[in-house]
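Have a look at the structure below, then the notes.
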Amino acid sequence: MRKIPMRRCVATGESLPKKELLRIVRTPQGDVIIDESGRQNGRGAYLKRSREAVEIAKKRKALTRALECEIPDTLYQELMGMFDDES
């Protein structure tokens with residue numbers, strides 16, 4: 001039986017399987033991007049794939065703390081846009 005890699009959401013604090021989370025990365029150049037592959041180079045933080053988790057992260061500045069840089073509002077808008085289809 002294979003071990004399932006677990007990661008902790010920076011917003012909710014839940015430990016979830018890595019595949020159920022979004023990875024947000026601060027690249028070595030200082031850009032903050034959403035890492036679709038999970039293999040992008042740079043400092044990463046995981047966020048639960050839900051609108052509520054994105055709202056909590058923005059309110060508590062959880063991504064700012066985890067990535068040690070300012071997070072642009074456009075990234076939060078992009079994250080929220082990912083969940084508009086599900087509503």
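Convention: chains lettered A, B, ... in structure tokens order; per-chain residue numbering from 1; ligands numbered from 1 as shown.
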Residues of chain A in alpha helix (DSSP H) according to DSSP, as JSON, numbers by chain? {"A": [51, 52, 53, 54, 55, 56, 57, 58, 59, 60, 62, 63, 64, 65, 66, 67, 73, 74, 75, 76, 77, 78, 79, 80, 81, 82, 83]}
Give me a file of those residues, with N, CA and C atoms, as a compact mmCIF listing (two decimals), in the first residue's frame.
# COMPACT_ATOMS: atom_id res chain seq x y z
N ARG A 51 -13.85 27.95 -1.88
CA ARG A 51 -14.02 29.41 -1.81
C ARG A 51 -13.79 29.91 -0.38
N GLU A 52 -14.29 29.14 0.60
CA GLU A 52 -14.16 29.53 2.00
C GLU A 52 -12.69 29.63 2.43
N ALA A 53 -11.89 28.67 1.98
CA ALA A 53 -10.47 28.67 2.34
C ALA A 53 -9.76 29.89 1.74
N VAL A 54 -10.12 30.27 0.52
CA VAL A 54 -9.51 31.45 -0.12
C VAL A 54 -9.90 32.71 0.65
N GLU A 55 -11.17 32.80 1.05
CA GLU A 55 -11.63 33.97 1.81
C GLU A 55 -10.93 34.06 3.15
N ILE A 56 -10.76 32.93 3.84
CA ILE A 56 -10.06 32.90 5.13
C ILE A 56 -8.61 33.32 4.94
N ALA A 57 -7.96 32.78 3.91
CA ALA A 57 -6.55 33.11 3.65
C ALA A 57 -6.36 34.60 3.39
N LYS A 58 -7.30 35.20 2.66
CA LYS A 58 -7.20 36.63 2.37
C LYS A 58 -7.43 37.45 3.64
N LYS A 59 -8.44 37.08 4.41
CA LYS A 59 -8.79 37.82 5.62
C LYS A 59 -7.66 37.75 6.66
N ARG A 60 -7.09 36.57 6.85
CA ARG A 60 -6.05 36.37 7.87
C ARG A 60 -4.64 36.60 7.35
N ALA A 62 -2.94 34.66 5.49
CA ALA A 62 -2.23 33.40 5.69
C ALA A 62 -1.19 33.15 4.60
N LEU A 63 -1.52 33.49 3.34
CA LEU A 63 -0.55 33.29 2.26
C LEU A 63 0.61 34.27 2.37
N THR A 64 0.32 35.48 2.79
CA THR A 64 1.37 36.48 2.97
C THR A 64 2.40 35.99 3.99
N ARG A 65 1.90 35.42 5.09
CA ARG A 65 2.79 34.90 6.13
C ARG A 65 3.56 33.67 5.64
N ALA A 66 2.86 32.75 4.97
CA ALA A 66 3.48 31.50 4.54
C ALA A 66 4.54 31.72 3.46
N LEU A 67 4.28 32.64 2.54
CA LEU A 67 5.21 32.87 1.43
C LEU A 67 6.18 34.01 1.70
N ASP A 73 -3.86 41.26 -5.18
CA ASP A 73 -5.30 40.99 -5.21
C ASP A 73 -5.69 40.19 -6.45
N THR A 74 -4.93 40.35 -7.53
CA THR A 74 -5.26 39.61 -8.76
C THR A 74 -5.16 38.10 -8.54
N LEU A 75 -4.25 37.66 -7.67
CA LEU A 75 -4.13 36.23 -7.39
C LEU A 75 -5.37 35.72 -6.66
N TYR A 76 -5.86 36.50 -5.68
CA TYR A 76 -7.08 36.11 -4.97
C TYR A 76 -8.28 36.07 -5.92
N GLN A 77 -8.34 37.04 -6.85
CA GLN A 77 -9.42 37.06 -7.83
C GLN A 77 -9.35 35.83 -8.74
N GLU A 78 -8.13 35.46 -9.13
CA GLU A 78 -7.93 34.27 -9.96
C GLU A 78 -8.36 33.01 -9.21
N LEU A 79 -8.01 32.94 -7.94
CA LEU A 79 -8.41 31.79 -7.12
C LEU A 79 -9.92 31.72 -6.97
N MET A 80 -10.56 32.87 -6.73
CA MET A 80 -12.03 32.90 -6.60
C MET A 80 -12.69 32.52 -7.92
N GLY A 81 -12.08 32.92 -9.03
CA GLY A 81 -12.62 32.59 -10.34
C GLY A 81 -12.63 31.10 -10.60
N MET A 82 -11.75 30.37 -9.98
CA MET A 82 -11.70 28.92 -10.13
C MET A 82 -12.94 28.24 -9.55
N PHE A 83 -13.58 28.91 -8.57
CA PHE A 83 -14.72 28.31 -7.87
C PHE A 83 -16.06 28.88 -8.32
Skip segment 19-27 of chain A itself and residues of its chain fewer than 5 positions away, then list as a PyMOL selection string all residues within 8 Å of it, counting only C-alpha atoms. chain A and resi 7+9+32-36+38+40-49+67
Please indicate the distance in Å from atom CA of Lys18 of chain A to atom CA of Ile4 of chain A, rounded to one decimal place. 7.8 Å
Would you list, as a PyMOL selection string, the residues of chain A that end up in strand (DSSP E) under DSSP run on this structure's backbone? chain A and resi 6-8+15-17+21-26+32-35+43-48
